[in-house]
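**Q** Following this message is one structure expressed as structure tokens.
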Amino acid sequence: MKMNIDTAVIKRNLDLIIAGIVTVALVGYGYMQYGATKTIRDESASKLESNTRNYKNVKSTSVPESFGLTNVTSISTDRAHGNQEIANKAEVAINAHLNNVYKKFAELEIPDGIEVDPKTGAILSVTLMNGGNSYTASDIGTLTATVTDRLNKGKGAILKPELRSVGGDTPEQYRVENIAVQDGGSGYTKGQVIVLIGGDGGGYDGSNDYSSDSQSIPNPTQPPGGMPGGMPGGMPGGMPGGMPGGMPGMMGMGSMGAGGDDSKARVGIDDNTFLKFMHTKVYGLQRQCKIQRIRLPKFEEEAKEFRFSFSKSWDQPEFEPHEREIMCYQLAEIEALCQALFKANVHEIYNVRRLKVVRGGDGAEPSEEDMLEFFSEQKFTLDDVTKFKEQVPGARVMPYEITFRGFSSEVSKVLEELYKSKVFFVVKNIAVIEATGVVDDFEEEEEDEMTLGGGGVAARSMREAYGGRGGMRGGYGTMPFGMGMGGFGFGGEEEKKRRRPPSLLMDESPLKVTLRVNTIKRVDPIKDESDAISALQNQVAEAERKAEEGGESDDDLIGVDEDGDGFDAYDEKITGHSDDDPEDKPTQEEVDAAQAKIDAGE
């Protein structure tokens, strides 16, 4: 039999023939692989079945009563159980609570070195607190100043750091001389602006380059304003009125200090801004005392005034960056403390004490004025400021002591106002004694007082004669109806001495009260080892070390020119020259550059 093979047909179906052969080959290979992997597939299936069974056994777990979940008996990963809904409700409740706490403990109003136009919200100027000295020539084109608005309202600001060489022995090092505002943008809010100085150059390490150091780096998981975490539940000294010691310490929200690394440029307030802030705050407190006729201490020294513990810093021309920052918070907190006294209408303020900040580079014995304005080391040490940071990273404690005169009703009102204050005050101690020999003397106001019948004695107001507010009230200061002051024995020579009337509804002596309070705040935990408090601790430690070594201070070198070369020993020390060799002397340019570096804290 003869077969005829049509080659044309084979050519037309060659693709199908090849595909069929390949398919048969793949099916055979797949069958072989299926048999070879049977053991692996069986083990995987068995494992999946076992894991699924275990998951179903644990997806719903009962909750012990010790957990304190009164309305939930079990938890589960099952969507039908509603745990996600419960978690969402809890998140909303927590955020609402934090927002309420934030409203109560609003931020302190302190300068931050960033001026904002109140109408347009444009940034007008940015002040350097420290220019740094760790920058190189490569930073000139890459160093940036980034603007962040904590309320997410501002936009469009463009800032540019301007660098210049440090000069002297280190001309290759640069410092930030100015932050130029190329475009102020719009919509920014005073006190809510953060400026970060950074870049790609070799001299930059942005880990600690904080902005205006009165602010914290924003945390997207926190409510607006950089809400920090709560204080430990075991914090001692809860506030009166039932406020637990574990309430979140959220007033201020500030860093309470610039970083301890002086090689980095930072935004903040300069000496002039701080002096203006200090004078404004103290003058305001003095004026309020005068308006409310609250007596302040008088000094024998002419022109010396009570300045609410800032007398020693009043006329000082310059401060270290960390000193300015800590004292800004102290000023704001003392103002808040005094507002409680003003609202309680106390009669007299004897004293205000705080933690000493300006140490003057000496490890020295406290002066008499120090004892009047600052805490002694026996009562509160510098290390006590950060004593809770192990339990709560970023925790800061700042102490104050204030002594005033009033009655028990005023004392109660002061405690109530401290509880209501936007600053988180913790009352640590109250010491009460009888205020003996009470004298009130407002000479400038007595000239305008009216006179009452009888002997024509210059009358004092109800408050000055009785310690009251000027109206009928209980306690020492209540005058029976129809009685005039002339009948109470206020003679000419003794009118400054208060005497009890022979008949009173209540007989209470005025009280001298010493109130010891701490303020608690929480800063960004990254600053636990690098903030103003750390810088102050380092300053004190260095001063104590020098004192132990017995070395002479730089002040002793000023004006001493042993080699007669026209430059004193101080100038030659800071420039690295000898005061024993007249040929080894600096130039005036070197002296100026070295002094500028010291003034900048570098």
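Just so we're on the same page: first chain in the structure tokens is A, next is B, and so on; residues restart at 1 for each chain, and ligands are numbered from 1 in the order they show up.
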Write down as a ChimeraX atom specification the residues belonging to region 511-585 of chain A that are assigned helix (DSSP H, G or I) by DSSP computed on the backbone.
**A** /A:525-527,532-549,554-557,569-575
**Q** In Å, how far is it from CA of Ile179 (chain A) to CA of Ala332 (chain A)?
**A**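 CA of Ala332 (chain A) lies at a distance of 26.9 Å from CA of Ile179 (chain A).
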**Q** Determine which residues of region 307-439 of chain A receive a DSSP assignment of strand (DSSP E), computed from the backbone, and state them as a list in words.
**A**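 Output for region 307-439 of chain A, strand (DSSP E) only: Glu348, Ile349, Tyr350, Asn351, Val352, Arg353, Arg354, Ala395, Arg396, Val397, Met398, Pro399, Tyr400, Glu401, Ile402, Thr403, Phe404, Arg405, Gly406, Phe425, Val426, Val427, Lys428, Asn429, Ile430, Ala431, Val432, Ile433 and Glu434 of chain A.
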**Q** Can you check which parts of region 86-142 of chain A lie within 9 Å of region 156-166 of chain A? Per residue, the shortest pair of atoms and distance in Å to one decimal, counting only C-alpha atoms, sorted by chain and number, as CSV.
**A**
residue,atom,partner,partner_atom,distance
A:Ala122,CA,A:Ala157,CA,7.6
A:Ile123,CA,A:Ala157,CA,7.0
A:Val126,CA,A:Leu159,CA,8.8
A:Gly131,CA,A:Leu163,CA,8.8
A:Asn133,CA,A:Val166,CA,7.1
A:Tyr135,CA,A:Leu163,CA,8.4
A:Thr136,CA,A:Ser165,CA,8.6
A:Ala137,CA,A:Ser165,CA,8.7
A:Asp139,CA,A:Leu163,CA,8.3
A:Ile140,CA,A:Leu163,CA,6.4
**Q** Restricting the calculation to only C-alpha atoms, which member of A:Gly198, A:Gln192, A:Arg307, A:Val426 is positioned closest to Thr146 (chain A)?
**A** A:Gly198
**Q** Could you give me, as a PyMOL selection string, the residues within 6 Å of region 397-413 of chain A, counting only C-alpha atoms and dropping anything in the same chain fewer than 6 positions from it?
**A** chain A and resi 344+346-354+385+510-520
**Q** Grab the residues selected above and save them as a short mmCIF file (atom, residue, chain, number, x, y, z; two decimals), in the first residue's frame with N, CA, C and O atoms.
**A**
data_model
loop_
_atom_site.label_atom_id
_atom_site.label_comp_id
_atom_site.auth_asym_id
_atom_site.auth_seq_id
_atom_site.Cartn_x
_atom_site.Cartn_y
_atom_site.Cartn_z
N ALA A 344 -6.09 85.51 95.24
CA ALA A 344 -6.48 85.26 96.63
C ALA A 344 -6.44 86.53 97.47
O ALA A 344 -6.83 86.52 98.64
N VAL A 346 -3.88 88.20 98.83
CA VAL A 346 -3.02 88.14 100.02
C VAL A 346 -2.59 89.55 100.38
O VAL A 346 -2.67 90.48 99.58
N HIS A 347 -2.08 89.72 101.60
CA HIS A 347 -1.78 91.06 102.09
C HIS A 347 -0.33 91.47 101.84
O HIS A 347 -0.05 92.66 101.67
N GLU A 348 0.56 90.52 101.85
CA GLU A 348 1.98 90.87 101.73
C GLU A 348 2.75 89.67 101.18
O GLU A 348 2.44 88.52 101.46
N ILE A 349 3.76 89.97 100.36
CA ILE A 349 4.67 88.94 99.86
C ILE A 349 6.03 89.21 100.49
O ILE A 349 6.60 90.28 100.33
N TYR A 350 6.54 88.24 101.23
CA TYR A 350 7.81 88.41 101.92
C TYR A 350 9.00 88.00 101.05
O TYR A 350 10.05 88.63 101.09
N ASN A 351 8.82 86.91 100.30
CA ASN A 351 9.98 86.37 99.61
C ASN A 351 9.56 85.38 98.54
O ASN A 351 8.50 84.77 98.61
N VAL A 352 10.43 85.24 97.52
CA VAL A 352 10.28 84.22 96.49
C VAL A 352 11.65 83.59 96.28
O VAL A 352 12.65 84.29 96.10
N ARG A 353 11.71 82.27 96.31
CA ARG A 353 12.97 81.57 96.06
C ARG A 353 12.79 80.60 94.89
O ARG A 353 11.71 80.06 94.68
N ARG A 354 13.89 80.38 94.17
CA ARG A 354 13.89 79.48 93.03
C ARG A 354 15.23 78.78 92.94
O ARG A 354 16.15 79.05 93.73
N VAL A 385 16.22 68.03 89.66
CA VAL A 385 15.41 68.45 88.52
C VAL A 385 15.07 67.25 87.63
O VAL A 385 13.96 67.15 87.10
N PRO A 510 -3.40 87.41 111.64
CA PRO A 510 -2.87 87.21 110.30
C PRO A 510 -1.79 86.12 110.33
O PRO A 510 -1.08 85.96 111.32
N LEU A 511 -1.66 85.39 109.25
CA LEU A 511 -0.76 84.25 109.17
C LEU A 511 0.38 84.53 108.20
O LEU A 511 0.19 85.15 107.16
N LYS A 512 1.55 84.06 108.57
CA LYS A 512 2.70 84.10 107.68
C LYS A 512 2.88 82.68 107.12
O LYS A 512 3.15 81.74 107.86
N VAL A 513 2.71 82.54 105.82
CA VAL A 513 2.64 81.23 105.18
C VAL A 513 3.83 81.06 104.23
O VAL A 513 4.07 81.91 103.38
N THR A 514 4.55 79.96 104.39
CA THR A 514 5.62 79.60 103.46
C THR A 514 5.15 78.38 102.68
O THR A 514 4.89 77.33 103.24
N LEU A 515 5.05 78.58 101.38
CA LEU A 515 4.51 77.56 100.49
C LEU A 515 5.63 77.03 99.60
O LEU A 515 6.27 77.79 98.88
N ARG A 516 5.88 75.76 99.67
CA ARG A 516 6.88 75.10 98.82
C ARG A 516 6.15 74.31 97.74
O ARG A 516 5.36 73.42 98.02
N VAL A 517 6.40 74.66 96.49
CA VAL A 517 5.74 73.98 95.37
C VAL A 517 6.78 73.58 94.34
O VAL A 517 7.83 74.20 94.21
N ASN A 518 6.47 72.52 93.62
CA ASN A 518 7.26 72.11 92.46
C ASN A 518 6.39 72.21 91.22
O ASN A 518 5.18 72.00 91.28
N THR A 519 7.00 72.55 90.11
CA THR A 519 6.32 72.43 88.83
C THR A 519 6.88 71.21 88.11
O THR A 519 8.06 70.90 88.26
N ILE A 520 6.01 70.53 87.39
CA ILE A 520 6.41 69.32 86.68
C ILE A 520 6.06 69.47 85.22
O ILE A 520 4.96 69.89 84.87
#
